[in-house]
Every structure is written in structure tokens, then in C-alpha cells.
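Pasting target-v4.tsv here (TSV, C-alpha atoms):
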chain	number	residue	atom	x	y	z
A	1	MET	CA	-52.88	63.59	34.25
A	2	ASN	CA	-51.15	60.23	34.75
A	3	LEU	CA	-51.42	59.50	31.03
A	4	PHE	CA	-49.70	62.78	30.25
A	5	LYS	CA	-46.70	62.10	32.50
A	6	LYS	CA	-44.86	59.74	30.14
A	7	ARG	CA	-42.59	61.55	27.68
A	8	ASN	CA	-43.52	59.46	24.64
A	9	THR	CA	-47.22	59.86	25.35
A	10	GLN	CA	-46.77	63.62	25.70
A	11	ILE	CA	-45.03	63.96	22.34
A	12	ILE	CA	-47.60	61.74	20.61
A	13	LEU	CA	-50.54	63.70	22.05
A	14	LEU	CA	-48.94	67.04	21.17
A	15	PHE	CA	-48.14	65.78	17.68
A	16	LEU	CA	-51.78	64.70	17.25
A	17	ILE	CA	-52.92	68.18	18.32
A	18	MET	CA	-50.62	69.74	15.71
A	19	LEU	CA	-51.75	67.21	13.09
A	20	LEU	CA	-55.42	67.98	13.85
A	21	GLY	CA	-54.60	71.66	13.42
A	22	ALA	CA	-52.97	70.94	10.04
A	23	ALA	CA	-56.01	68.97	8.91
A	24	ALA	CA	-58.37	71.69	10.13
A	25	GLY	CA	-56.29	74.42	8.48
A	26	SER	CA	-56.14	72.67	5.11
A	27	ILE	CA	-59.84	71.72	5.14
A	28	LEU	CA	-60.96	75.19	6.20
A	29	ARG	CA	-58.66	76.81	3.61
A	30	ALA	CA	-60.11	74.55	0.90
A	31	LEU	CA	-63.72	75.19	1.93
A	32	HIS	CA	-63.36	78.91	2.66
A	33	PRO	CA	-60.48	80.34	0.60
A	34	ASP	CA	-61.93	83.83	0.87
A	35	TRP	CA	-61.39	84.12	4.62
A	36	SER	CA	-58.97	86.95	5.26
A	37	ILE	CA	-56.93	85.02	7.81
A	38	TRP	CA	-55.47	82.73	5.13
A	39	ASN	CA	-53.94	85.72	3.34
A	40	ASN	CA	-53.05	87.50	6.56
A	41	GLN	CA	-49.27	87.66	6.68
A	42	THR	CA	-49.37	88.14	10.45
A	43	PHE	CA	-50.99	84.71	10.86
A	44	ARG	CA	-48.51	83.05	8.55
A	45	GLN	CA	-45.46	84.91	9.81
A	46	GLY	CA	-46.58	84.60	13.41
A	47	MET	CA	-46.54	80.85	13.14
A	48	GLY	CA	-43.15	81.08	11.45
A	49	ILE	CA	-44.32	79.30	8.34
A	50	LEU	CA	-43.65	81.25	5.19
A	51	THR	CA	-43.26	80.66	1.51
A	52	GLU	CA	-40.74	83.49	1.31
A	53	CYS	CA	-38.17	84.34	3.92
A	54	ARG	CA	-36.69	87.53	5.23
A	55	ALA	CA	-35.48	88.67	8.64
A	56	TYR	CA	-38.79	87.69	10.24
A	57	CYS	CA	-38.15	84.12	9.09
A	58	ILE	CA	-36.00	83.84	12.19
A	59	ALA	CA	-37.64	86.41	14.46
A	60	ALA	CA	-41.25	85.14	14.31
A	61	PRO	CA	-40.55	81.51	15.28
A	62	VAL	CA	-38.19	82.66	18.01
A	63	PHE	CA	-40.96	84.92	19.34
A	64	TRP	CA	-43.42	82.00	19.48
A	65	LEU	CA	-40.83	79.78	21.10
A	66	ALA	CA	-40.29	82.51	23.71
A	67	MET	CA	-44.06	82.70	24.25
A	68	THR	CA	-44.13	78.94	24.78
A	69	ALA	CA	-41.32	79.25	27.32
A	70	VAL	CA	-43.16	82.03	29.17
A	71	LEU	CA	-46.42	80.05	29.18
A	72	GLY	CA	-44.56	77.14	30.72
A	73	LEU	CA	-43.69	79.35	33.69
A	74	SER	CA	-47.33	79.59	34.73
A	75	ALA	CA	-50.36	77.39	35.27
A	76	THR	CA	-52.05	78.99	32.25
A	77	GLY	CA	-49.65	77.11	30.01
A	78	LEU	CA	-51.65	73.91	30.40
A	79	PRO	CA	-54.50	75.01	28.07
A	80	LEU	CA	-52.66	77.64	26.02
A	81	VAL	CA	-49.62	75.67	24.84
A	82	PRO	CA	-51.74	73.03	23.03
A	83	CYS	CA	-53.76	75.88	21.47
A	84	MET	CA	-50.54	77.37	20.08
A	85	LEU	CA	-49.60	74.00	18.59
A	86	PHE	CA	-53.05	73.68	17.02
A	87	LEU	CA	-52.70	77.14	15.45
A	88	ARG	CA	-49.23	76.32	14.15
A	89	GLY	CA	-50.62	73.17	12.57
A	90	ALA	CA	-53.51	75.15	11.08
A	91	ALA	CA	-51.08	77.62	9.52
A	92	ALA	CA	-49.00	74.80	8.06
A	93	GLY	CA	-52.08	73.05	6.68
A	94	ALA	CA	-53.42	76.26	5.16
A	95	ILE	CA	-50.12	77.08	3.48
A	96	LEU	CA	-49.72	73.57	2.08
A	97	GLU	CA	-53.29	73.61	0.76
A	98	GLN	CA	-52.68	77.00	-0.82
A	99	LEU	CA	-49.52	75.70	-2.51
A	100	TYR	CA	-51.45	72.71	-3.81
A	101	GLU	CA	-54.31	74.90	-5.04
A	102	GLN	CA	-52.04	77.34	-6.84
A	103	ASN	CA	-49.53	74.91	-8.30
A	104	HIS	CA	-51.21	71.50	-8.20
A	105	PHE	CA	-49.13	68.59	-7.07
A	106	LEU	CA	-46.39	68.18	-9.65
A	107	SER	CA	-45.52	71.85	-9.99
A	108	SER	CA	-45.55	72.34	-6.21
A	109	VAL	CA	-42.80	69.75	-5.58
A	110	PRO	CA	-39.97	72.36	-5.72
A	111	SER	CA	-41.92	74.58	-3.33
A	112	LEU	CA	-42.49	71.65	-1.01
A	113	LEU	CA	-38.81	70.77	-1.08
A	114	MET	CA	-37.96	74.31	-0.01
A	115	ILE	CA	-40.67	74.71	2.63
A	116	MET	CA	-41.40	71.26	4.06
A	117	PRO	CA	-38.03	70.57	5.73
A	118	TYR	CA	-38.29	73.82	7.67
A	119	ILE	CA	-41.91	73.18	8.65
A	120	TYR	CA	-41.05	69.63	9.66
A	121	PHE	CA	-37.97	70.37	11.77
A	122	SER	CA	-39.24	73.61	13.32
A	123	SER	CA	-42.47	71.82	14.24
A	124	PHE	CA	-40.46	69.20	16.09
A	125	VAL	CA	-38.60	71.96	17.93
A	126	MET	CA	-41.98	73.44	18.88
A	127	LEU	CA	-43.23	70.00	19.97
A	128	PHE	CA	-40.30	69.54	22.33
A	129	ALA	CA	-40.73	73.10	23.58
A	130	ALA	CA	-44.42	72.46	24.21
A	131	ARG	CA	-43.59	69.26	26.09
A	132	GLU	CA	-41.12	71.09	28.32
A	133	ALA	CA	-43.52	73.99	28.86
A	134	LEU	CA	-46.36	71.62	29.78
A	135	ARG	CA	-44.16	69.63	32.16
A	136	PHE	CA	-43.05	72.78	33.95
A	137	SER	CA	-46.58	74.17	33.93
A	138	MET	CA	-47.87	70.91	35.46
A	139	GLN	CA	-45.16	71.18	38.10
A	140	ILE	CA	-46.24	74.72	38.96
A	141	THR	CA	-49.90	73.65	39.00
A	142	GLY	CA	-48.98	70.81	41.34
A	143	LEU	CA	-47.21	73.25	43.66
A	144	LEU	CA	-50.29	75.48	43.66
A	145	CYS	CA	-52.50	72.50	44.51
A	146	ASP	CA	-50.07	71.24	47.19
A	147	ARG	CA	-49.32	68.06	45.27
A	148	THR	CA	-45.83	66.70	44.96
A	149	GLN	CA	-44.39	65.96	41.55
A	150	ASP	CA	-42.55	62.77	40.68
A	151	ASP	CA	-40.46	64.37	37.94
A	152	GLU	CA	-39.44	67.82	39.13
A	153	VAL	CA	-37.65	70.11	36.70
A	154	SER	CA	-35.51	72.94	38.03
A	155	VAL	CA	-35.76	76.44	36.58
A	156	LYS	CA	-32.10	76.25	35.59
A	157	LEU	CA	-32.67	73.03	33.62
A	158	TYR	CA	-35.80	74.56	32.04
A	159	ILE	CA	-33.81	77.58	30.86
A	160	ILE	CA	-30.99	75.39	29.51
A	161	ARG	CA	-33.44	73.23	27.57
A	162	PHE	CA	-35.09	76.27	26.01
A	163	ALA	CA	-31.70	77.81	25.21
A	164	VAL	CA	-30.85	74.67	23.22
A	165	LEU	CA	-34.23	74.81	21.47
A	166	PHE	CA	-33.67	78.50	20.64
A	167	LEU	CA	-30.30	77.63	19.15
A	168	PHE	CA	-31.82	74.87	16.99
A	169	LEU	CA	-34.61	77.17	15.82
A	170	ILE	CA	-32.20	79.97	14.91
A	171	ILE	CA	-30.01	77.54	12.95
A	172	LEU	CA	-33.11	76.23	11.14
A	173	GLY	CA	-34.20	79.78	10.32
A	174	VAL	CA	-30.79	80.71	8.94
A	175	LEU	CA	-30.73	77.54	6.79
A	176	GLN	CA	-34.25	78.22	5.54
A	177	ASN	CA	-33.36	81.79	4.69
A	178	PHE	CA	-30.27	80.59	2.82
A	179	LEU	CA	-32.23	77.96	0.87
A	180	LEU	CA	-35.00	80.33	-0.11
A	181	THR	CA	-32.71	83.17	-1.16
A	182	ARG	CA	-30.32	80.94	-3.12
A	183	PHE	CA	-32.55	78.31	-4.72
A	184	ALA	CA	-36.13	79.60	-4.76

Please express the file's structure as C-alpha cells.
Amino acid sequence: MNLFKKRNTQIILLFLIMLLGAAAGSILRALHPDWSIWNNQTFRQGMGILTECRAYCIAAPVFWLAMTAVLGLSATGLPLVPCMLFLRGAAAGAILEQLYEQNHFLSSVPSLLMIMPYIYFSSFVMLFAAREALRFSMQITGLLCDRTQDDEVSVKLYIIRFAVLFLFLIILGVLQNFLLTRFA
């Protein structure tokens, strides 16, 4: 766990997990387009990645951010938070592959301009949330194993950090909803 204690290393590893999920999602979507999960709106909405936006454009990502925060409050967050990032990456990869398949590259540029900024920025919010959840989960695991932590995070600071992340995610959702309803 020493490698995972540095903040930059944490973000890079979590980003690689999300990137692997995106690669897996796009490859699996290309190889098996008939799988029902790719057309399952719950999967796409649940990850907060949509090609059209309504009220759940804000609610679904906030729900998954809340789940990340809750997972960080227990030792089970250590394996489950990276799994959530992998699934989010898989949803993003599947949606981008579907856009490419339906529109090909040149005609999908307007769609990408409407969808990619939201995917990009909300994914970074989720990366920082995952880092905070993993740090707090490691702290709780260390307390359970009677090991002291070098970088202790208080519950109050944890809640403040997630409140800021919630605010960013809500602002991103409102902007995405505005862009899709006005320009799409």
C-alpha cells in the first residue's frame, strides 16, 4: 500500500483503471453489439453518461458520487471504488463506440462536442472522489488492523471535500443539460 499513498500515484492508477474500463467497454461493444447491457438505459444513466439529458442527467451522477462517498466510509470501499470507476469507464467507452458506429467519425464530431466535455470533467470529479474514498477507506482499514496512518483525514474534512465535489458535479450536470437542450 506504500505505492498507493502518494496522491499523484493514486490519481494515475485510478485514471488507468477508468481508461482500461473505457477500452474494455468500447472493444466489447464493438465485438458484441447485441448484448442488452449496451442498450440498457439503466447502465448508461447509472454511470451518468448519456447522449440525451433530462432530470436524471444530474440525479444519476450525484447518486453514484454519493455511493462512492458511502463506500469510502467502510473497509469495503478498497475493492469496490475501483470497480465503480472501471464500470464508468466501460459505459463511456461503449457510448463513444456506439456514436462512432452510428455516425462515423466526421458526423459524430458535433455529438462528441456536446458529450465529451461532460464525460471528461465529470470523470475527473469521480476520480477525485474515488481518491478521497480510497484514502478514507484505507484509514478505516488501518484502524481495524491497529495500524497508524501517516495522513489521517477527519470525517469533517471528508464531508467538506465531498460537498465540494457534489457542487462541481451538479454544476456540470446543469451545464450539460443546458447544452443538450439548447444546441443538440

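Comparing the minimum interatomic distances between Val164 (chain A) and each of A:Tyr120, A:Phe15, A:Phe128, A:Phe63, counting all atoms listed in the file, we find that A:Phe128 sits nearest.
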
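Pairwise distance (CA of Ala94 (chain A), CA of Phe178 (chain A)) equals 23.7 Å.
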
Practice problem: Record the distance separating CA of Ser36 (chain A) and CA of Ala90 (chain A), expressed in Å with one decimal. | Solution: 14.2 Å

Using only C-alpha atoms, collect all residues at a distance of at most 9 Å from (-54.0, 74.7, 8.4) as written in the file, then present them as a PDB file with C-alpha atoms, keeping the file's coordinate frame.
ATOM      1  CA  LEU A  20     -55.420  67.980  13.850  1.00  0.00           C
ATOM      2  CA  GLY A  21     -54.600  71.660  13.420  1.00  0.00           C
ATOM      3  CA  ALA A  22     -52.970  70.940  10.040  1.00  0.00           C
ATOM      4  CA  ALA A  23     -56.010  68.970   8.910  1.00  0.00           C
ATOM      5  CA  ALA A  24     -58.370  71.690  10.130  1.00  0.00           C
ATOM      6  CA  GLY A  25     -56.290  74.420   8.480  1.00  0.00           C
ATOM      7  CA  SER A  26     -56.140  72.670   5.110  1.00  0.00           C
ATOM      8  CA  ILE A  27     -59.840  71.720   5.140  1.00  0.00           C
ATOM      9  CA  LEU A  28     -60.960  75.190   6.200  1.00  0.00           C
ATOM     10  CA  ARG A  29     -58.660  76.810   3.610  1.00  0.00           C
ATOM     11  CA  TRP A  38     -55.470  82.730   5.130  1.00  0.00           C
ATOM     12  CA  PHE A  86     -53.050  73.680  17.020  1.00  0.00           C
ATOM     13  CA  LEU A  87     -52.700  77.140  15.450  1.00  0.00           C
ATOM     14  CA  ARG A  88     -49.230  76.320  14.150  1.00  0.00           C
ATOM     15  CA  GLY A  89     -50.620  73.170  12.570  1.00  0.00           C
ATOM     16  CA  ALA A  90     -53.510  75.150  11.080  1.00  0.00           C
ATOM     17  CA  ALA A  91     -51.080  77.620   9.520  1.00  0.00           C
ATOM     18  CA  ALA A  92     -49.000  74.800   8.060  1.00  0.00           C
ATOM     19  CA  GLY A  93     -52.080  73.050   6.680  1.00  0.00           C
ATOM     20  CA  ALA A  94     -53.420  76.260   5.160  1.00  0.00           C
ATOM     21  CA  ILE A  95     -50.120  77.080   3.480  1.00  0.00           C
ATOM     22  CA  LEU A  96     -49.720  73.570   2.080  1.00  0.00           C
ATOM     23  CA  GLU A  97     -53.290  73.610   0.760  1.00  0.00           C
TER      24      GLU A  97
END

Quiz item: Skipping near chain neighbours, those fewer than 4 positions away, what residues fall within 12 Å of Phe168 (chain A) using all atoms listed in the file, listed as JSON, numbers by chain?
Solution: {"A": [58, 61, 62, 65, 118, 121, 122, 123, 124, 125, 126, 128, 129, 161, 162, 163, 164, 172, 173, 174, 175]}

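In this structure, CA of Val70 (chain A) sits 14.0 Å away from CA of Lys156 (chain A).
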
Quiz item: Leaving out Ser137 (chain A) and any residue of its chain fewer than 4 positions from it, which residues lie within 9 Å of it when counting only C-alpha atoms, given as number ranges by chain?
Solution: A: 71-78, 132-133, 141-142

Selection to disk with C-alpha atoms, as a short mmCIF file (atom, residue, chain, number, x, y, z; two decimals), in the coordinates of the input:
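Final output, part.cif:
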data_model
loop_
_atom_site.label_atom_id
_atom_site.label_comp_id
_atom_site.auth_asym_id
_atom_site.auth_seq_id
_atom_site.Cartn_x
_atom_site.Cartn_y
_atom_site.Cartn_z
CA LEU A 71 -46.42 80.05 29.18
CA GLY A 72 -44.56 77.14 30.72
CA LEU A 73 -43.69 79.35 33.69
CA SER A 74 -47.33 79.59 34.73
CA ALA A 75 -50.36 77.39 35.27
CA THR A 76 -52.05 78.99 32.25
CA GLY A 77 -49.65 77.11 30.01
CA LEU A 78 -51.65 73.91 30.40
CA GLU A 132 -41.12 71.09 28.32
CA ALA A 133 -43.52 73.99 28.86
CA THR A 141 -49.90 73.65 39.00
CA GLY A 142 -48.98 70.81 41.34
#

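Shortest separation to Ile170 (chain A) among A:Leu157, A:Ile11, A:Ala59, A:Leu16 occurs at residue A:Ala59, atoms counted being only C-alpha atoms.
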
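Minimum atom-to-atom distance to Trp64 (chain A), evaluated using all atoms listed in the file, belongs to A:Met84 out of A:Met18, A:Met84, A:Met116, A:Leu127.
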
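With distances taken over all atoms listed in the file, A:Gln98 is the one residue among A:Cys83, A:Gln98, A:Leu167, A:Ile17 lying closest to Asp34 (chain A).
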
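With only C-alpha atoms as the atoms that count, the residue of A:Ala130, A:Ala30, A:Ala60, A:Leu169 with the shortest distance to Leu80 (chain A) is A:Ala130.
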
Could you pull region 129-169 of chain A out of the structure I just pasted and write it to a file containing N, CA and C atoms, as a JSON list (two decimals), in the first residue's frame?
[["chain", "number", "residue", "atom", "x", "y", "z"],
["A", 129, "ALA", "N", -13.12, 11.95, -6.26],
["A", 129, "ALA", "CA", -13.99, 11.33, -5.25],
["A", 129, "ALA", "C", -13.49, 9.94, -4.90],
["A", 130, "ALA", "N", -13.07, 9.19, -5.90],
["A", 130, "ALA", "CA", -12.54, 7.84, -5.66],
["A", 130, "ALA", "C", -11.26, 7.91, -4.83],
["A", 131, "ARG", "N", -10.41, 8.89, -5.14],
["A", 131, "ARG", "CA", -9.18, 9.03, -4.36],
["A", 131, "ARG", "C", -9.49, 9.32, -2.89],
["A", 132, "GLU", "N", -10.42, 10.24, -2.66],
["A", 132, "GLU", "CA", -10.79, 10.56, -1.28],
["A", 132, "GLU", "C", -11.43, 9.37, -0.58],
["A", 133, "ALA", "N", -12.30, 8.66, -1.29],
["A", 133, "ALA", "CA", -12.96, 7.49, -0.70],
["A", 133, "ALA", "C", -11.93, 6.41, -0.38],
["A", 134, "LEU", "N", -10.97, 6.19, -1.27],
["A", 134, "LEU", "CA", -9.96, 5.17, -1.00],
["A", 134, "LEU", "C", -9.04, 5.57, 0.15],
["A", 135, "ARG", "N", -8.70, 6.83, 0.23],
["A", 135, "ARG", "CA", -7.86, 7.30, 1.34],
["A", 135, "ARG", "C", -8.57, 7.09, 2.68],
["A", 136, "PHE", "N", -9.84, 7.45, 2.72],
["A", 136, "PHE", "CA", -10.58, 7.29, 3.97],
["A", 136, "PHE", "C", -10.82, 5.81, 4.27],
["A", 137, "SER", "N", -11.07, 5.03, 3.24],
["A", 137, "SER", "CA", -11.26, 3.60, 3.43],
["A", 137, "SER", "C", -9.97, 2.93, 3.92],
["A", 138, "MET", "N", -8.82, 3.38, 3.39],
["A", 138, "MET", "CA", -7.54, 2.85, 3.88],
["A", 138, "MET", "C", -7.32, 3.25, 5.33],
["A", 139, "GLN", "N", -7.75, 4.45, 5.69],
["A", 139, "GLN", "CA", -7.61, 4.89, 7.08],
["A", 139, "GLN", "C", -8.46, 4.01, 8.00],
["A", 140, "ILE", "N", -9.67, 3.73, 7.59],
["A", 140, "ILE", "CA", -10.55, 2.87, 8.39],
["A", 140, "ILE", "C", -9.99, 1.46, 8.47],
["A", 141, "THR", "N", -9.47, 0.95, 7.35],
["A", 141, "THR", "CA", -8.86, -0.37, 7.35],
["A", 141, "THR", "C", -7.65, -0.40, 8.28],
["A", 142, "GLY", "N", -6.87, 0.66, 8.26],
["A", 142, "GLY", "CA", -5.72, 0.74, 9.17],
["A", 142, "GLY", "C", -6.15, 0.75, 10.64],
["A", 143, "LEU", "N", -7.25, 1.44, 10.94],
["A", 143, "LEU", "CA", -7.76, 1.43, 12.31],
["A", 143, "LEU", "C", -8.24, 0.04, 12.72],
["A", 144, "LEU", "N", -8.85, -0.67, 11.77],
["A", 144, "LEU", "CA", -9.32, -2.02, 12.07],
["A", 144, "LEU", "C", -8.16, -2.99, 12.28],
["A", 145, "CYS", "N", -7.05, -2.74, 11.60],
["A", 145, "CYS", "CA", -5.87, -3.60, 11.72],
["A", 145, "CYS", "C", -4.88, -3.09, 12.76],
["A", 146, "ASP", "N", -5.27, -2.08, 13.53],
["A", 146, "ASP", "CA", -4.42, -1.48, 14.57],
["A", 146, "ASP", "C", -3.12, -0.92, 14.01],
["A", 147, "ARG", "N", -3.20, -0.33, 12.82],
["A", 147, "ARG", "CA", -2.04, 0.34, 12.23],
["A", 147, "ARG", "C", -2.31, 1.82, 12.21],
["A", 148, "THR", "N", -1.30, 2.60, 12.51],
["A", 148, "THR", "CA", -1.47, 4.05, 12.48],
["A", 148, "THR", "C", -1.31, 4.54, 11.05],
["A", 149, "GLN", "N", -1.96, 5.63, 10.75],
["A", 149, "GLN", "CA", -1.91, 6.22, 9.42],
["A", 149, "GLN", "C", -1.07, 7.48, 9.46],
["A", 150, "ASP", "N", -0.26, 7.67, 8.43],
["A", 150, "ASP", "CA", 0.56, 8.87, 8.34],
["A", 150, "ASP", "C", -0.28, 10.09, 7.97],
["A", 151, "ASP", "N", -1.26, 9.90, 7.12],
["A", 151, "ASP", "CA", -2.05, 11.00, 6.57],
["A", 151, "ASP", "C", -3.51, 10.81, 6.96],
["A", 152, "GLU", "N", -3.83, 11.14, 8.20],
["A", 152, "GLU", "CA", -5.20, 10.95, 8.67],
["A", 152, "GLU", "C", -6.11, 12.05, 8.14],
["A", 153, "VAL", "N", -7.31, 11.65, 7.77],
["A", 153, "VAL", "CA", -8.33, 12.57, 7.27],
["A", 153, "VAL", "C", -9.50, 12.52, 8.26],
["A", 154, "SER", "N", -9.94, 13.68, 8.70],
["A", 154, "SER", "CA", -11.06, 13.71, 9.63],
["A", 154, "SER", "C", -12.36, 13.52, 8.87],
["A", 155, "VAL", "N", -13.39, 13.10, 9.56],
["A", 155, "VAL", "CA", -14.71, 12.92, 8.95],
["A", 155, "VAL", "C", -15.24, 14.26, 8.46],
["A", 156, "LYS", "N", -14.99, 15.31, 9.22],
["A", 156, "LYS", "CA", -15.46, 16.64, 8.83],
["A", 156, "LYS", "C", -14.80, 17.07, 7.51],
["A", 157, "LEU", "N", -13.50, 16.86, 7.37],
["A", 157, "LEU", "CA", -12.80, 17.20, 6.14],
["A", 157, "LEU", "C", -13.29, 16.33, 4.98],
["A", 158, "TYR", "N", -13.56, 15.07, 5.25],
["A", 158, "TYR", "CA", -14.09, 14.15, 4.24],
["A", 158, "TYR", "C", -15.43, 14.64, 3.71],
["A", 159, "ILE", "N", -16.30, 15.06, 4.62],
["A", 159, "ILE", "CA", -17.63, 15.56, 4.22],
["A", 159, "ILE", "C", -17.50, 16.87, 3.44],
["A", 160, "ILE", "N", -16.60, 17.75, 3.86],
["A", 160, "ILE", "CA", -16.41, 19.01, 3.14],
["A", 160, "ILE", "C", -15.89, 18.76, 1.73],
["A", 161, "ARG", "N", -14.94, 17.84, 1.59],
["A", 161, "ARG", "CA", -14.41, 17.53, 0.26],
["A", 161, "ARG", "C", -15.50, 16.98, -0.65],
["A", 162, "PHE", "N", -16.33, 16.09, -0.12],
["A", 162, "PHE", "CA", -17.40, 15.53, -0.95],
["A", 162, "PHE", "C", -18.48, 16.57, -1.23],
["A", 163, "ALA", "N", -18.71, 17.50, -0.32],
["A", 163, "ALA", "CA", -19.68, 18.56, -0.60],
["A", 163, "ALA", "C", -19.23, 19.41, -1.78],
["A", 164, "VAL", "N", -17.92, 19.70, -1.82],
["A", 164, "VAL", "CA", -17.38, 20.47, -2.95],
["A", 164, "VAL", "C", -17.51, 19.66, -4.24],
["A", 165, "LEU", "N", -17.22, 18.37, -4.18],
["A", 165, "LEU", "CA", -17.34, 17.52, -5.37],
["A", 165, "LEU", "C", -18.80, 17.43, -5.83],
["A", 166, "PHE", "N", -19.74, 17.35, -4.89],
["A", 166, "PHE", "CA", -21.16, 17.35, -5.24],
["A", 166, "PHE", "C", -21.53, 18.64, -5.95],
["A", 167, "LEU", "N", -21.05, 19.75, -5.44],
["A", 167, "LEU", "CA", -21.34, 21.04, -6.06],
["A", 167, "LEU", "C", -20.81, 21.09, -7.49],
["A", 168, "PHE", "N", -19.56, 20.66, -7.69],
["A", 168, "PHE", "CA", -19.00, 20.63, -9.05],
["A", 168, "PHE", "C", -19.82, 19.74, -9.98],
["A", 169, "LEU", "N", -20.22, 18.58, -9.48],
["A", 169, "LEU", "CA", -20.97, 17.65, -10.32],
["A", 169, "LEU", "C", -22.35, 18.19, -10.66]]
